[in-house]
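Remarks on the structure that follows.
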Amino acid sequence: MSDFYMVITNFFSEGGFFIYPIGLVLAVGLAIAFERWAFLTRERIRNIKAFESFLPLLRTTDMDKMQLYTRESQAPVTRIIACGLDMMTVSKQRADIENAMNEGMLETMPRLEERTSYLAVLANIATLLGLLGTIIGLIGAFTAVAQADPAQKSELLSSSISVAMNTTAFGLIAAIPLLILHSILQSKTAKIVRSIEMSAVKFLNIMTMHRLIEAGITRYIEKETGVERTEVKEIGDELPAT
């Protein structure tokens with residue numbers, strides 16, 4: 001255990017100045033990853049609970065209670081459904097309500113994706129800082145070797161290069177977990193978005209089933225052939241003859 005501690009201590013002490021900014025980048029990235037993980041986990045649980053509580057109201061089609069619930073709840077899924085309910089007071093067309101809910105989704109998405117992209121940026125910064133530290137270390141090593149005794153040049157050069165490579169190694173040590181965390185958080189965000197979209201579709205389908213939303217589709221039988229046809233009915237169109 002003491003040998004491992006000595007190796008780590010020597011690694012950082014011999015790594016040069018750039019070890020410290022890389023360490024700072026790693027600390028900031030881990031802090032962001034932890035905050036995003038906690039936030040997304042909380043939002044996922046809150047969405048599930050909110051929609052489970054809202055579903056009985058949705059099946060009763062009590063508009064007043066549904067609007068009251070969505071105003072009191074802060075879950076993203078209920079805020080998006082609230083946009084649809086507000087539009088239903090103006091229009092019963094499914095397309096209009098979908099557009100209103102899509103607008104709510106666009107307002108919600110930035111909060112879910114906020115700061116996650118910073119992890120990829122910080123991983124790149126850590127890698128570049130490691131390379132920069134190595135290059136500067138190599139420049140200093142070759143400068144020192146040029147002025148050293150010829151008998152010591154080989155040993156001095158090898159030890160200087162070993163120290164200079166520490167920053168590249170630490171840069172990669174910092175970058176790899178940050179990239180992994182970035183991928184995990186992106187996947188977690190995508191799952192939450194898909195669950196919200198699924199809940200929004202359930203809301204639209206149940207409202208349509210209860211005839212509170214006009215789907216904009218009219219079925220009719222052609223007089224000549226007796227074949228059933230489906231026609232999309234726009235606002236203002238005349239109903240086809242039956």
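Naming scheme: A, B, ... for chains in displayed order of the structure tokens; residues 1 onward per chain; ligands 1 onward as shown.
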
For segment 101-117 of chain A, work out the shell of residues within 6 Å, counting only C-alpha atoms and skipping chain neighbours fewer than 5 positions away, then give it as a count of residues only.
3

List the spatial neighbours of segment 130-132 of chain A as a short mmCIF file (atom, residue, chain, number, x, y, z; two decimals) with all heavy atoms, in the first residue's frame - criterion: any atom at most 7 Å away, only C-alpha atoms, same-chain residues fewer than 4 positions off excluded.
data_model
loop_
_atom_site.label_atom_id
_atom_site.label_comp_id
_atom_site.auth_asym_id
_atom_site.auth_seq_id
_atom_site.Cartn_x
_atom_site.Cartn_y
_atom_site.Cartn_z
N PHE A 18 1.27 21.28 -15.51
CA PHE A 18 0.01 20.97 -16.19
C PHE A 18 -0.79 19.85 -15.50
O PHE A 18 -1.95 19.63 -15.85
CB PHE A 18 0.26 20.60 -17.65
CG PHE A 18 0.55 21.79 -18.51
CD1 PHE A 18 1.85 22.25 -18.68
CD2 PHE A 18 -0.47 22.49 -19.13
CE1 PHE A 18 2.12 23.35 -19.46
CE2 PHE A 18 -0.21 23.60 -19.91
CZ PHE A 18 1.08 24.04 -20.08
N ALA A 126 -8.91 18.21 -21.19
CA ALA A 126 -7.95 17.44 -20.40
C ALA A 126 -6.92 16.77 -21.30
O ALA A 126 -5.71 16.78 -21.01
CB ALA A 126 -8.69 16.38 -19.57
N ILE A 136 5.69 20.83 -23.86
CA ILE A 136 6.51 21.79 -23.14
C ILE A 136 7.59 21.08 -22.33
O ILE A 136 8.75 21.53 -22.25
CB ILE A 136 5.63 22.67 -22.24
CG1 ILE A 136 4.74 23.57 -23.11
CG2 ILE A 136 6.48 23.51 -21.29
CD1 ILE A 136 3.78 24.43 -22.34
N THR A 167 2.01 13.97 -18.01
CA THR A 167 0.86 14.84 -18.25
C THR A 167 -0.07 14.26 -19.30
O THR A 167 -1.30 14.35 -19.17
CB THR A 167 1.32 16.24 -18.69
OG1 THR A 167 2.19 16.12 -19.82
CG2 THR A 167 2.05 16.96 -17.58
N THR A 168 0.48 13.64 -20.34
CA THR A 168 -0.38 12.99 -21.33
C THR A 168 -1.14 11.83 -20.69
O THR A 168 -2.35 11.66 -20.94
CB THR A 168 0.46 12.46 -22.51
OG1 THR A 168 1.05 13.56 -23.19
CG2 THR A 168 -0.40 11.68 -23.48
N PHE A 170 -1.99 11.47 -17.54
CA PHE A 170 -3.03 11.98 -16.63
C PHE A 170 -4.18 12.62 -17.41
O PHE A 170 -5.34 12.54 -17.00
CB PHE A 170 -2.42 12.98 -15.65
CG PHE A 170 -3.36 13.38 -14.55
CD1 PHE A 170 -4.05 12.42 -13.82
CD2 PHE A 170 -3.56 14.72 -14.25
CE1 PHE A 170 -4.92 12.79 -12.81
CE2 PHE A 170 -4.43 15.09 -13.24
CZ PHE A 170 -5.11 14.13 -12.52
N GLY A 171 -3.84 13.28 -18.53
CA GLY A 171 -4.89 13.84 -19.38
C GLY A 171 -5.84 12.77 -19.89
O GLY A 171 -7.07 12.95 -19.90
#

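One distance worth recording is that between atom CA of Thr189 of chain A and atom CA of Met88 of chain A, which is 28.7 Å.
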